[in-house]
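Asks: Below is the file query-v1.cif, with mmCIF, C-alpha atoms.
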data_work
#
loop_
_atom_site.group_PDB
_atom_site.id
_atom_site.type_symbol
_atom_site.label_atom_id
_atom_site.label_comp_id
_atom_site.auth_asym_id
_atom_site.auth_seq_id
_atom_site.Cartn_x
_atom_site.Cartn_y
_atom_site.Cartn_z
ATOM 1 C CA MET J 1 7.211 -113.062 -42.161
ATOM 2 C CA SER J 2 8.419 -115.703 -44.562
ATOM 3 C CA GLY J 3 6.016 -118.625 -44.783
ATOM 4 C CA SER J 4 2.996 -116.709 -43.471
ATOM 5 C CA GLY J 5 0.931 -117.334 -46.619
ATOM 6 C CA LYS J 6 1.205 -114.015 -48.470
ATOM 7 C CA SER J 7 1.829 -115.608 -51.879
ATOM 8 C CA THR J 8 -0.843 -118.242 -51.283
ATOM 9 C CA LEU J 9 -3.367 -115.528 -50.437
ATOM 10 C CA ILE J 10 -2.558 -113.658 -53.641
ATOM 11 C CA ASP J 11 -2.802 -116.911 -55.657
ATOM 12 C CA ILE J 12 -6.275 -117.480 -54.210
ATOM 13 C CA PHE J 13 -7.242 -113.849 -54.838
ATOM 14 C CA ILE J 14 -6.250 -113.993 -58.532
ATOM 15 C CA GLY J 15 -7.869 -117.389 -59.007
ATOM 16 C CA LEU J 16 -4.834 -119.653 -59.318
ATOM 17 C CA HIS J 17 -6.002 -121.655 -56.291
ATOM 18 C CA LEU J 18 -9.546 -122.328 -55.143
ATOM 19 C CA PRO J 19 -10.330 -121.311 -51.564
ATOM 20 C CA SER J 20 -10.923 -124.324 -49.291
ATOM 21 C CA GLU J 21 -13.924 -122.532 -47.763
ATOM 22 C CA GLY J 22 -16.142 -119.655 -48.811
ATOM 23 C CA SER J 23 -15.728 -117.657 -51.979
ATOM 24 C CA ILE J 24 -14.149 -114.470 -53.268
ATOM 25 C CA ALA J 25 -16.516 -111.855 -54.658
ATOM 26 C CA CYS J 26 -16.025 -108.499 -56.315
ATOM 27 C CA ASP J 27 -19.073 -106.206 -56.393
ATOM 28 C CA GLY J 28 -21.073 -109.153 -55.044
ATOM 29 C CA ILE J 29 -20.136 -111.473 -57.937
ATOM 30 C CA ASN J 30 -18.102 -114.633 -57.327
ATOM 31 C CA ILE J 31 -14.856 -114.233 -59.301
ATOM 32 C CA HIS J 32 -15.041 -117.874 -60.415
ATOM 33 C CA GLU J 33 -18.227 -117.161 -62.408
ATOM 34 C CA ASN J 34 -16.035 -115.319 -64.928
ATOM 35 C CA LEU J 35 -12.486 -116.109 -63.865
ATOM 36 C CA ARG J 36 -10.805 -115.117 -67.133
ATOM 37 C CA GLY J 37 -12.601 -111.752 -67.079
ATOM 38 C CA TRP J 38 -11.453 -111.231 -63.481
ATOM 39 C CA GLN J 39 -7.862 -112.155 -64.319
ATOM 40 C CA ASN J 40 -7.834 -109.852 -67.357
ATOM 41 C CA ASN J 41 -8.215 -106.914 -64.947
ATOM 42 C CA ILE J 42 -5.268 -107.842 -62.730
ATOM 43 C CA GLY J 43 -1.587 -107.079 -63.203
ATOM 44 C CA TYR J 44 0.613 -109.402 -61.185
ATOM 45 C CA VAL J 45 4.361 -109.924 -61.060
ATOM 46 C CA SER J 46 5.306 -113.059 -59.183
ATOM 47 C CA GLN J 47 8.285 -113.163 -56.865
ATOM 48 C CA ASP J 48 9.405 -116.309 -58.688
ATOM 49 C CA ILE J 49 11.690 -115.530 -61.592
ATOM 50 C CA PHE J 50 12.954 -117.748 -64.355
ATOM 51 C CA LEU J 51 15.903 -116.803 -66.523
ATOM 52 C CA ILE J 52 17.555 -118.772 -69.289
ATOM 53 C CA ASN J 53 21.218 -118.486 -70.124
ATOM 54 C CA ASP J 54 20.617 -116.386 -73.241
ATOM 55 C CA SER J 55 20.058 -112.786 -74.322
ATOM 56 C CA LEU J 56 17.771 -110.303 -72.597
ATOM 57 C CA PHE J 57 15.507 -110.416 -75.652
ATOM 58 C CA ARG J 58 15.171 -114.215 -75.481
ATOM 59 C CA ASN J 59 14.440 -114.066 -71.737
ATOM 60 C CA ILE J 60 11.678 -111.495 -72.260
ATOM 61 C CA ALA J 61 10.246 -113.464 -75.186
ATOM 62 C CA PHE J 62 10.524 -116.822 -73.378
ATOM 63 C CA GLY J 63 7.669 -119.082 -74.422
ATOM 64 C CA ILE J 64 6.695 -117.018 -77.469
ATOM 65 C CA LEU J 65 7.093 -118.912 -80.718
ATOM 66 C CA MET J 66 9.395 -117.050 -83.085
ATOM 67 C CA LYS J 67 9.587 -117.372 -86.852
ATOM 68 C CA THR J 68 13.038 -118.480 -87.947
#
Using structure tokens, write down the structure from this file.
Replies:
Amino acid sequence: MSGSGKSTLIDIFIGLHLPSEGSIACDGINIHENLRGWQNNIGYVSQDIFLINDSLFRNIAFGILMKT
């Protein structure tokens, strides 16, 4: 159901939020001991989208500095 905490659980699982209790471990190792390494092994597409009123190319490249 909406509001049941699915997105929050995923955010905790991928390390965007710290759990309020306990820890998350993979193969017995706390993911926060090497969070960037953990995150480098995860592909995640958020349900939140952001589009600018521009071309498809500029939306895909949003936030990437381009040479002019």
Asks: Would you kindly translate the PyMOL selection byres ((chain J and resi 42-57) around 12) into the concrete residues it picks from this file, as a ChimeraX atom specification?
Replies: /J:6-8,10-11,13-16,35-41,58-64,66
Asks: What does the PyMOL selection byres ((chain J and resi 24) around 12) select in this file, as a PyMOL selection string?
Replies: chain J and resi 9-15+17-23+25-35+38
Asks: Go ahead and fit an axis-aligned box to every listed atom of region 44-58 of chain J plus 6 Å each side, and pass me the centre and edge lengths in Å, one decimal, as JSON.
Replies:
{"center_x": 10.9, "center_y": -114.1, "center_z": -66.3, "size_x": 32.6, "size_y": 21.4, "size_z": 30.8}
Asks: Write out N, CA, C and O atoms for region 35-56 of chain J, as a PDB file, in the frame of the given file.
Replies:
ATOM      1  N   LEU J  35     -13.872-116.195 -64.340  1.00  0.00           N
ATOM      2  CA  LEU J  35     -12.486-116.109 -63.865  1.00  0.00           C
ATOM      3  C   LEU J  35     -11.573-115.419 -64.865  1.00  0.00           C
ATOM      4  O   LEU J  35     -10.768-114.574 -64.486  1.00  0.00           O
ATOM      5  N   ARG J  36     -11.685-115.743 -66.137  1.00  0.00           N
ATOM      6  CA  ARG J  36     -10.805-115.117 -67.133  1.00  0.00           C
ATOM      7  C   ARG J  36     -11.053-113.606 -67.180  1.00  0.00           C
ATOM      8  O   ARG J  36     -10.116-112.817 -67.258  1.00  0.00           O
ATOM      9  N   GLY J  37     -12.294-113.184 -67.108  1.00  0.00           N
ATOM     10  CA  GLY J  37     -12.601-111.752 -67.079  1.00  0.00           C
ATOM     11  C   GLY J  37     -11.997-111.077 -65.864  1.00  0.00           C
ATOM     12  O   GLY J  37     -11.487-109.959 -65.950  1.00  0.00           O
ATOM     13  N   TRP J  38     -12.059-111.744 -64.712  1.00  0.00           N
ATOM     14  CA  TRP J  38     -11.453-111.231 -63.481  1.00  0.00           C
ATOM     15  C   TRP J  38      -9.941-111.101 -63.661  1.00  0.00           C
ATOM     16  O   TRP J  38      -9.346-110.076 -63.367  1.00  0.00           O
ATOM     17  N   GLN J  39      -9.313-112.158 -64.170  1.00  0.00           N
ATOM     18  CA  GLN J  39      -7.862-112.155 -64.319  1.00  0.00           C
ATOM     19  C   GLN J  39      -7.387-111.136 -65.347  1.00  0.00           C
ATOM     20  O   GLN J  39      -6.282-110.602 -65.228  1.00  0.00           O
ATOM     21  N   ASN J  40      -8.213-110.845 -66.345  1.00  0.00           N
ATOM     22  CA  ASN J  40      -7.834-109.852 -67.357  1.00  0.00           C
ATOM     23  C   ASN J  40      -7.730-108.445 -66.777  1.00  0.00           C
ATOM     24  O   ASN J  40      -7.159-107.558 -67.405  1.00  0.00           O
ATOM     25  N   ASN J  41      -8.263-108.228 -65.589  1.00  0.00           N
ATOM     26  CA  ASN J  41      -8.215-106.914 -64.947  1.00  0.00           C
ATOM     27  C   ASN J  41      -7.132-106.804 -63.883  1.00  0.00           C
ATOM     28  O   ASN J  41      -7.085-105.813 -63.162  1.00  0.00           O
ATOM     29  N   ILE J  42      -6.285-107.808 -63.780  1.00  0.00           N
ATOM     30  CA  ILE J  42      -5.268-107.842 -62.730  1.00  0.00           C
ATOM     31  C   ILE J  42      -3.876-107.863 -63.358  1.00  0.00           C
ATOM     32  O   ILE J  42      -3.614-108.614 -64.282  1.00  0.00           O
ATOM     33  N   GLY J  43      -2.995-107.021 -62.842  1.00  0.00           N
ATOM     34  CA  GLY J  43      -1.587-107.079 -63.203  1.00  0.00           C
ATOM     35  C   GLY J  43      -0.832-107.673 -62.030  1.00  0.00           C
ATOM     36  O   GLY J  43      -0.975-107.217 -60.896  1.00  0.00           O
ATOM     37  N   TYR J  44      -0.067-108.702 -62.277  1.00  0.00           N
ATOM     38  CA  TYR J  44       0.613-109.402 -61.185  1.00  0.00           C
ATOM     39  C   TYR J  44       2.002-109.820 -61.621  1.00  0.00           C
ATOM     40  O   TYR J  44       2.161-110.413 -62.683  1.00  0.00           O
ATOM     41  N   VAL J  45       2.994-109.497 -60.813  1.00  0.00           N
ATOM     42  CA  VAL J  45       4.361-109.924 -61.060  1.00  0.00           C
ATOM     43  C   VAL J  45       4.759-110.818 -59.899  1.00  0.00           C
ATOM     44  O   VAL J  45       4.849-110.387 -58.758  1.00  0.00           O
ATOM     45  N   SER J  46       4.967-112.076 -60.207  1.00  0.00           N
ATOM     46  CA  SER J  46       5.306-113.059 -59.183  1.00  0.00           C
ATOM     47  C   SER J  46       6.704-112.815 -58.637  1.00  0.00           C
ATOM     48  O   SER J  46       7.563-112.238 -59.317  1.00  0.00           O
ATOM     49  N   GLN J  47       6.937-113.277 -57.425  1.00  0.00           N
ATOM     50  CA  GLN J  47       8.285-113.163 -56.865  1.00  0.00           C
ATOM     51  C   GLN J  47       9.199-114.262 -57.394  1.00  0.00           C
ATOM     52  O   GLN J  47      10.397-114.214 -57.204  1.00  0.00           O
ATOM     53  N   ASP J  48       8.612-115.246 -58.077  1.00  0.00           N
ATOM     54  CA  ASP J  48       9.405-116.309 -58.688  1.00  0.00           C
ATOM     55  C   ASP J  48       9.870-115.837 -60.052  1.00  0.00           C
ATOM     56  O   ASP J  48       9.077-115.392 -60.874  1.00  0.00           O
ATOM     57  N   ILE J  49      11.166-115.944 -60.299  1.00  0.00           N
ATOM     58  CA  ILE J  49      11.690-115.530 -61.592  1.00  0.00           C
ATOM     59  C   ILE J  49      12.324-116.730 -62.275  1.00  0.00           C
ATOM     60  O   ILE J  49      12.774-117.676 -61.627  1.00  0.00           O
ATOM     61  N   PHE J  50      12.333-116.694 -63.572  1.00  0.00           N
ATOM     62  CA  PHE J  50      12.954-117.748 -64.355  1.00  0.00           C
ATOM     63  C   PHE J  50      13.756-117.086 -65.456  1.00  0.00           C
ATOM     64  O   PHE J  50      13.212-116.310 -66.243  1.00  0.00           O
ATOM     65  N   LEU J  51      15.035-117.343 -65.483  1.00  0.00           N
ATOM     66  CA  LEU J  51      15.903-116.803 -66.523  1.00  0.00           C
ATOM     67  C   LEU J  51      16.614-117.951 -67.221  1.00  0.00           C
ATOM     68  O   LEU J  51      16.997-118.938 -66.589  1.00  0.00           O
ATOM     69  N   ILE J  52      16.767-117.803 -68.536  1.00  0.00           N
ATOM     70  CA  ILE J  52      17.555-118.772 -69.289  1.00  0.00           C
ATOM     71  C   ILE J  52      18.905-118.145 -69.598  1.00  0.00           C
ATOM     72  O   ILE J  52      19.052-116.922 -69.619  1.00  0.00           O
ATOM     73  N   ASN J  53      19.870-118.964 -69.824  1.00  0.00           N
ATOM     74  CA  ASN J  53      21.218-118.486 -70.124  1.00  0.00           C
ATOM     75  C   ASN J  53      21.264-118.069 -71.590  1.00  0.00           C
ATOM     76  O   ASN J  53      21.741-118.792 -72.450  1.00  0.00           O
ATOM     77  N   ASP J  54      20.717-116.887 -71.879  1.00  0.00           N
ATOM     78  CA  ASP J  54      20.617-116.386 -73.241  1.00  0.00           C
ATOM     79  C   ASP J  54      20.510-114.862 -73.171  1.00  0.00           C
ATOM     80  O   ASP J  54      20.690-114.268 -72.114  1.00  0.00           O
ATOM     81  N   SER J  55      20.135-114.249 -74.264  1.00  0.00           N
ATOM     82  CA  SER J  55      20.058-112.786 -74.322  1.00  0.00           C
ATOM     83  C   SER J  55      18.852-112.258 -73.536  1.00  0.00           C
ATOM     84  O   SER J  55      17.927-113.004 -73.208  1.00  0.00           O
ATOM     85  N   LEU J  56      18.891-110.960 -73.257  1.00  0.00           N
ATOM     86  CA  LEU J  56      17.771-110.303 -72.597  1.00  0.00           C
ATOM     87  C   LEU J  56      16.506-110.456 -73.441  1.00  0.00           C
ATOM     88  O   LEU J  56      15.438-110.771 -72.925  1.00  0.00           O
TER      89      LEU J  56
END
